[in-house]
Amino acid sequence: MKKITVVALVLAVVFSGLNCVNNKTKKMTNPLLQKWDTPFQVPPFSKIKPADYVPAFEKAMKEQNDNINAIINNTEAPTFENTIAALAYSGQLLDKVSAVFYGQLGANTNDSLQKVATELSPKLSGHGDKISMNPELFAKIKQVYENKENLTLTKEQAYLLEETYRSFVRNGANLSKEDQKTLQQINKELSLATLQYDQNVLKETNDYKLVIDNKKNLSGLPASVIEEAAETARANGLDGSWVFTTQKPSMIPFLQFADNRMLREELYKAYLNRGNNNNKYDNKKVLAKIVNLRLQKAKLFGFDTYADYRLQNRMAKNANNVYTLLNQVWDAALPVAKREAAEMQQIMNKEKGSLKLASWDWWYYAEKIRKQKYDLDEKELSPYFKLENVRDGAFMVYHKLYGITFSPVNNIPKPHPDAVAYEVKEADGSHLGVLFMDFHPRASKQGGAWQGEYQSHYVTPRGKNVSPIVTVVYNFTKPGAKTPALLNFDEVETLFHELGHAMDALFAKNRYPGHHIPSDFVELPSQMMEHWATEPKVLKMYAKNYLTGEPIPDKLIEKIHNSKFFNQGFINVEYLAASYLDMDYHTIKEPLKGSITDFEKEAMDKIVLISQIEPRYRSTYFTHITGGYDAGYYSYLWAAVLDNDAFAYFKETGIFNQETAAKFRKNILEIDGTQDPAVLYRNFRGRDAIVEPLLENRGLK
Ligand SMILES: [Zn+2]
């Protein structure tokens with residue numbers, strides 16, 4: 001696989017070299033900087049060479065700098081048009097080049113592109129800093145902002161003005177010289193401390209190994225898990241043994257299946273105590289430093305707590321709103337978790353007499369309950385989920401909701417030869433955008449699944465509509481020698497999920513480039529699509545046995561539905577406990593002086609967490625709060641409330657109700673990122689989201 005990519009790359013270089021020899025009189029041109037004469041103006045992927053990127057980026061950065069200088073040097077009084085709009089349009093070329101580069105870096109990468117990425121990273125962040133720290137530019141923005149009451153602006157313009165001003169302020173543009181210096185110092189210390197925290201977690205994770213020499217201790221484990229552990233042992237030079245680690249793919253199966261209770265305890269405790277071993281990788285003091293620096297930063301900006309600073313530009317807006325939601329779900333989930341624990345204790349009583357269920361027992365007994373009550377055999381399901389059938393099912397849902405169609409396009413440049421292209425058209429046949437789909441893993445593709453844009457929608461200053469060019473990238477099970485690609489259920493949901501993001505991008509009607517959707521809102525269109533994937537009526541339409549064409553039987557649909565309720569008390573409680581911990585650290589008003597151990601204990605005592613469950617992440621290895629989810633771990637739940645509540649609207653009015661769909665399209669898909677998300681949601685739903693549909697769908701009601 002990898003070899004083919006390298007060969008293709010070499011050929012591209014050779015051919016372009018030949019072109020050069022044959023056309024000596026012709027000037028060499030960079031395809032990234034030319035007008036694209038391709039169908040629908042998609043990037044001419046195969047013509048772009050790795051060496052084209054750096055010069056194109058440099059030209060694009062220069063162009064943006066020139067545009068910004070023009071804003072600054074404009075002698076007329078600053079207006080929305082000559083400042084805010086002009087700034088929004090200043091990076092059109094940079095956006096265009098970045099979209100191609102980062103799209104290819106994820107889905108069609110190679111060593112040369114990786115090298116370019118490393119070279120570009122400091123240049124691009126320096127370029128961004130120069131703009132956001134430019135005092136003359138900010139002075140102009142501020143003038144427009146302070147005059148906003150006197151301006152006649154559309155809702156999108158008002159929001160863009162607010163967001164532009166706010167992002168400069170949040171970067172420190174409005175601070176005194178002295179405070180700016182303090183901010184820079186805090187940011188520097190924070191980046192070092194978070195890096196150290198992450199490295200400590202990594203080190204502690206890699207350092208621990210549960211080495212098993214006695215075959216007896218493997219009792220209960222499936223053959224595939226044992227084989228994997230033998231492989232890990234070999235990789236560590238421990239041939240003939242079996243090795244388990246605190247990485248979840250290794251640890252969870254052990255906790256689920258290993259009959260040896262003492263070893264389960266040993267492994268789980270090693271996991272729980274990462275960064276908490278009082279050695280040089282201990283994270284307790286590092287975390288205290290991080291939360292105190294963050295508090296200091298928030299105070300510099302005039303906020304009481306870091307959470308309030310962080311939540312200012314999210315849908316949740318403040319810590320209070322987050323706690324209200326956490327409490328609502330907590331009150332519903334904790335009793336369910338207690339019932340689950342009691343059920344497990346009963347099994348334990350029968351098996352072992354007087355032992356009490358502990359946190360390292362949970363997965364083991366949950367697995368027994370799963371087998372008894374919820375067994376869903378993937379082998380039984382997968383014949384109904386042929387990739388092409390699932391894809392057509394998702395297309396059909398969109399067709400029924402919005403009347404749009406997906407027509408395959410050949411003879412069009414593609415991000416990779418394996419990708420397929422569709423023209424997405426409105427019900428009246430007019431062009432909406434291009435959708436690339438790229439389904440299977442290969443060496444040049446990153447893991448996971450994502451949606452991206454090779455061209456995002458906007459309207460040029462001259463009023464020309466720029467159509468979106470969207471891509472969804474997956475790593476789905478490949479076809480077998482004699483079988484088509486048959487997806488597992490996770491993959492089915494993922495296909496619908498990413499297509500949900502894609503439609504958000506394809507329906508976009510924003511006028512200005514670079515609209516920003518808050519992180520606790522952006523998963524609404526995608527997570528909502530997953531509900532259609534499992535609706536019985538929809539399953540009957542697309543989930544057909546690839547051999548017989550028979551639709552999926554009711555018995556299997558029922559099993560899929562039941563399986564959603566398995567272990568929900570535990571899943572919600574361990575997630576919520578971690579969310580509380582994240583919020584508690586970021587709502588302190590005074591610097592944290594006591595120990596992290598005490599702080600965590602107090603936080604968990606406050607919510608009365610039961611001893612059989614630990615928070616999904618504990619203080620010393622909670623890498624979400626160093627990785628961008630600080631005062632943000634709640635957002636998974638926030639988005640889930642929205643998608644369950646939004647889908648409930650469709651359930652109430654009919655899952656293919658075109659009027660409800662039109663409301664969703666008009667109020668959310670077309671304009672999210674251009675207005676306050678809370679307002680958008682209210683306009684769609686007629687009220688704020690409520691938590692009940694989520695509780696019901698998770699079996700917590
Ligand atoms: Zn997503």
# chains A, B, ... in the order shown; residues from 1 in each chain; ligands from 1
>>> residues_around(residues="Thr494 of chain A", least_positions_apart="3", cutoff="9 Å", atoms="only C-alpha atoms", output="PyMOL selection string")
chain A and resi 449+474+489-491+497-499+530
>>> residues_near_ligand(ligand="ligand 1", cutoff="8 Å", atoms="only C-alpha atoms and all ligand atoms", output="count of residues only")
9
>>> select_by_dssp(residues="segment 395-638 of chain A", states="strand (DSSP E)", output="ChimeraX atom specification")
/A:405-409,420-425,431-438,450-455,458-459,465-466,469-473
>>> residues_around(residues="Val169 of chain A", least_positions_apart="5", cutoff="10 Å", atoms="only C-alpha atoms", output="VMD selection string")
chain A and resid 132 to 133 138 142 163 to 164 174 to 175 301
>>> write_last_selection(atoms="C-alpha atoms", output="PDB file, in the first residue's frame")
ATOM      1  CA  SER A 132      -3.908  39.138  16.604  1.00  0.00           C
ATOM      2  CA  MET A 133      -1.280  41.279  18.386  1.00  0.00           C
ATOM      3  CA  PHE A 138      -7.111  46.374  16.945  1.00  0.00           C
ATOM      4  CA  LYS A 142     -12.305  48.767  18.555  1.00  0.00           C
ATOM      5  CA  GLU A 163     -16.759  37.747  17.506  1.00  0.00           C
ATOM      6  CA  THR A 164     -13.913  39.636  15.850  1.00  0.00           C
ATOM      7  CA  ASN A 174      -7.194  45.319  25.152  1.00  0.00           C
ATOM      8  CA  LEU A 175      -4.814  44.853  28.117  1.00  0.00           C
ATOM      9  CA  PHE A 301      -9.357  39.495  31.877  1.00  0.00           C
TER      10      PHE A 301
END
>>> closest_residue(among="A:Ile690, A:Ile588, A:Ala358, A:Leu539", to="Met262 of chain A", atoms="only C-alpha atoms")
A:Ala358
>>> residues_around(residues="Phe168 of chain A", least_positions_apart="6", cutoff="12 Å", atoms="only C-alpha atoms", output="list in words")
Gly128, Asp129, Lys130, Ile131, Ser132, Met133, Asn134, Pro135, Glu136, Leu137, Phe138, Ala139, Lys140, Ile141, Lys142, Tyr145, Leu161, Glu162, Asn174 and Leu175 of chain A
>>> closest_residue(among="A:Glu340, A:Phe684, A:Val322, A:Asn206", to="Ala662 of chain A", atoms="only C-alpha atoms")
A:Phe684
>>> atom_distance(atom1="atom CA of Gln256 of chain A", atom2="atom CA of Trp363 of chain A")
4.6 Å
>>> atom_distance(atom1="atom CA of Asp179 of chain A", atom2="atom CA of His586 of chain A")
21.4 Å
>>> residues_around(residues="segment 96-102 of chain A", least_positions_apart="6", cutoff="8 Å", atoms="only C-alpha atoms", output="list in words")
Leu32, Pro43, Tyr53, Ala56, Phe57, Ala60, Glu453, Tyr454 and Gln455 of chain A
>>> closest_residue(among="A:Lys123, A:Arg310, A:Arg274, A:Lys593", to="Tyr629 of chain A", atoms="only C-alpha atoms")
A:Arg310
>>> residues_around(residues="segment 181-195 of chain A", least_positions_apart="4", cutoff="7 Å", atoms="only C-alpha atoms", output="NGL selection string")
:A and (177 or 199 or 286 or 290 or 293 or 297 or 626)
>>> select_by_dssp(residues="segment 371-604 of chain A", states="helix (DSSP H, G or I)", output="MDAnalysis selection string")
chainID A and resid 371:374 378:384 387:402 489:506 524:534 536:542 554:563 568:586 596:604
>>> atom_distance(atom1="atom CA of Phe565 of chain A", atom2="atom CA of Asn697 of chain A")
8.0 Å
>>> residues_around(residues="Pro31 of chain A", least_positions_apart="3", cutoff="10 Å", atoms="only C-alpha atoms", output="PDB file with C-alpha atoms, in the first residue's frame")
ATOM      1  CA  MET A  28       6.803  27.265 -14.354  1.00  0.00           C
ATOM      2  CA  GLN A  34      -3.737  29.438 -10.401  1.00  0.00           C
ATOM      3  CA  LYS A  35      -7.405  29.553 -11.222  1.00  0.00           C
ATOM      4  CA  TRP A  36      -8.714  26.001 -11.188  1.00  0.00           C
ATOM      5  CA  PRO A  43      -8.494  21.435  -6.463  1.00  0.00           C
ATOM      6  CA  PRO A  44      -6.391  19.845  -9.251  1.00  0.00           C
ATOM      7  CA  PHE A  45      -5.125  17.302  -6.718  1.00  0.00           C
ATOM      8  CA  SER A  46      -2.793  15.237  -8.883  1.00  0.00           C
ATOM      9  CA  LYS A  47      -1.058  18.313 -10.309  1.00  0.00           C
ATOM     10  CA  ILE A  48      -0.044  19.657  -6.902  1.00  0.00           C
ATOM     11  CA  LYS A  49       3.430  18.604  -5.759  1.00  0.00           C
ATOM     12  CA  ASP A  52       4.346  23.695  -4.298  1.00  0.00           C
ATOM     13  CA  TYR A  53       3.001  24.185  -0.800  1.00  0.00           C
ATOM     14  CA  ALA A  56       2.030  29.020  -2.033  1.00  0.00           C
TER      15      ALA A  56
END
>>> closest_residue(among="A:Tyr306, A:Gln345, A:Glu652, A:Ile469", to="Asp582 of chain A", atoms="only C-alpha atoms")
A:Tyr306
>>> closest_residue(among="A:Phe257, A:Trp330, A:Phe244, A:Phe664", to="Ile571 of chain A", atoms="only C-alpha atoms")
A:Trp330
